[in-house]
Amino acid sequence: MKTFALTVSAAVLISGLALTAPDAQAQTAARVESQTRPNFGLLLDPPTRQSRPSQHRRWSDGAHRPSQRPDYRPPYAAGSEEIVLVDCGGNPGTGAVEAAVQRVRPGGTLVIRARSGPCVGWLNIDKPMTIIGEGGFDPRRWTQNPTATLQAPDGVPCITVAQGVRLELRDIVLASPNGGDAACVVGYGADIVMSRVGFRHVGDEAAIYADGGSVELRDTVIDAQTVAPAIVMDGATLNAWETVVTGAQSGIDITPGTGEPSRIDSVTLSGVETPNNFGPRAIGLLVRARRDYGRVEVTNSRICGYSEGVAVEGASVSIEGSRICRSDKGLVLYNGELTLLDSRVRARTIGLAAVSGRAVVRNNSFVGVLDVFYREYRANIDASGNRVWTDGPLCRPSFRPRYRDRYEPQWSQRPDQGWVCEYSPYPRDWWDEMDGAYGDPYDDYFYTPDSYGRFQQGYGWYDSSGRYIDDARFQGDSRWRER
């Protein structure tokens, strides 16, 4: 019986192996085929977020924090104190300011006293709180070089704010003299509000970088010595009011998200007038777009000192009551929608260049341009009521014959193209609000032919080349009849 049982068991085992072997081989073949087959769905539906230019390196928390590991926990637990005062000036490396952040309860306030020098540290904010500088900060006294309140160690940010956290900064001066590839303030889906805040940032990265979330700036001064834009909003919403940005090669780089429009009101962006053939393009306001196609609204602002004052790459941008000056091209529409209303643009070459998309341009002043509009076949410009001041060939007269070899100047207007030339000096108070604010001498951009005043008195005429011929024998209309 034992022999019979062993024989039956062996037969069952052999038959089972015979039945499962083909299934195992089929599973192995299917797995290999699935690993080698190209994913056509990925090719047809690429990632929604386009890669940014290589020069825009972003500070990565995991790549730069030595303690980053799978079981890492934020070092700051919920504190128990509503208000914490820290005085760590002149004692760098003690960790006092980081420990003070840990003591603040969610929604509490940290007050930083910097009487003996700035507190040196990196604040990693993982709970809602308010940070206030005890000494206060007046943006109107920025030229007096106020003392920094918080200074970042070399190569790391001043402040990082975690996902979903609201941080409010008031009356504080932040410094990152050796930022490297770290921004001074970094937000990851956070809500950051800054009021009366100053920045001194030197590095390869932006002074403020937000990946999602929102940033609100009020009475803020940003001095950023960097080739990157001073402010970078990557899918974030920016609300800026009475903010000044200086020093950086580019001003603001916005990729708006799906939330509320970004609003820039009463903001001054001052560039360093870097030539266009050196490094990245120097742009005052660059608005990009993802598939979300966000919107940016600019009012009562001044953008001066950049190769391109405003560049739009696939978003919707409206500019009203603003001034663009000291630029090579005033505005460039690469794609998307642009509305320009009641503004003044001074540019060395082109007022508005449209490569693709649609631009609505009404009731603006263009100053010193060689050409008002440049449009490629994929673009549409709806222009009306615009005025042009320039002493270049755009608004110079032609000379029509009146009698034999005697000519008179004739100006031709172009209202059908959406603009007309102004034959009067450019208003001096307008100049003072734009280039004059940077110390440039006044230019009236008013062209008149040689001896035009005497010609208007009835003496002389011009030849076909526009050279004035003075002849006092004839006066008035007799010069067109008498030989």
# chains A, B, ... in the order shown; residues from 1 in each chain; ligands from 1
>>> residues_around(residues="A:Leu269", least_positions_apart="6", cutoff="7 Å", atoms="only C-alpha atoms", output="list in words")
Val244, Val245, Thr246, Gly251, Gly284, Arg302, Ile303 and Cys304 of chain A
>>> write_last_selection(atoms="all heavy atoms", output="short mmCIF file (atom, residue, chain, number, x, y, z; two decimals), in the first residue's frame")
data_model
loop_
_atom_site.label_atom_id
_atom_site.label_comp_id
_atom_site.auth_asym_id
_atom_site.auth_seq_id
_atom_site.Cartn_x
_atom_site.Cartn_y
_atom_site.Cartn_z
N VAL A 244 10.04 97.06 -5.05
CA VAL A 244 11.14 97.51 -5.90
C VAL A 244 12.12 96.35 -6.06
O VAL A 244 12.53 95.74 -5.07
CB VAL A 244 11.86 98.73 -5.28
CG1 VAL A 244 13.06 99.13 -6.13
CG2 VAL A 244 10.89 99.89 -5.13
N VAL A 245 12.49 96.06 -7.31
CA VAL A 245 13.45 95.00 -7.62
C VAL A 245 14.60 95.63 -8.39
O VAL A 245 14.40 96.28 -9.43
CB VAL A 245 12.80 93.89 -8.46
CG1 VAL A 245 13.84 92.84 -8.84
CG2 VAL A 245 11.65 93.24 -7.68
N THR A 246 15.82 95.45 -7.90
CA THR A 246 17.01 96.02 -8.54
C THR A 246 18.11 94.97 -8.58
O THR A 246 18.10 93.99 -7.83
CB THR A 246 17.52 97.26 -7.79
OG1 THR A 246 17.92 96.88 -6.46
CG2 THR A 246 16.46 98.33 -7.70
N GLY A 251 13.99 90.57 -13.99
CA GLY A 251 13.18 90.98 -12.85
C GLY A 251 12.32 89.89 -12.27
O GLY A 251 12.62 89.32 -11.22
N GLY A 284 12.52 92.14 -18.14
CA GLY A 284 11.94 92.73 -16.95
C GLY A 284 10.86 91.85 -16.35
O GLY A 284 10.92 91.45 -15.19
N ARG A 302 6.57 100.37 -13.29
CA ARG A 302 7.67 100.86 -14.13
C ARG A 302 8.68 99.74 -14.32
O ARG A 302 9.17 99.16 -13.36
CB ARG A 302 8.33 102.08 -13.50
CG ARG A 302 9.43 102.69 -14.37
CD ARG A 302 9.93 104.00 -13.80
NE ARG A 302 10.58 103.82 -12.52
CZ ARG A 302 10.87 104.82 -11.68
NH1 ARG A 302 10.50 106.05 -12.00
NH2 ARG A 302 11.47 104.58 -10.55
N ILE A 303 8.98 99.43 -15.60
CA ILE A 303 9.90 98.36 -15.95
C ILE A 303 10.96 98.96 -16.86
O ILE A 303 10.68 99.30 -18.02
CB ILE A 303 9.16 97.21 -16.65
CG1 ILE A 303 8.02 96.68 -15.76
CG2 ILE A 303 10.12 96.09 -17.01
CD1 ILE A 303 7.13 95.67 -16.45
N CYS A 304 12.18 99.10 -16.37
CA CYS A 304 13.22 99.81 -17.12
C CYS A 304 14.57 99.11 -16.98
O CYS A 304 14.88 98.56 -15.91
CB CYS A 304 13.34 101.26 -16.63
SG CYS A 304 11.87 102.27 -16.89
#
>>> select_by_dssp(residues="stretch 76-310 of chain A", states="alpha helix (DSSP H)", output="number ranges by chain")
A: 96-103
>>> select_by_dssp(residues="stretch 313-445 of chain A", states="strand (DSSP E or B)", output="VMD selection string")
chain A and resid 313 to 320 323 to 341 344 to 362 365 to 367 371 to 384 386 to 389 398 to 403 406 to 410 414 419 to 421
>>> closest_residue(among="A:Arg291, A:Trp430, A:Gly321, A:Leu394", to="A:Arg346", atoms="only C-alpha atoms")
A:Trp430
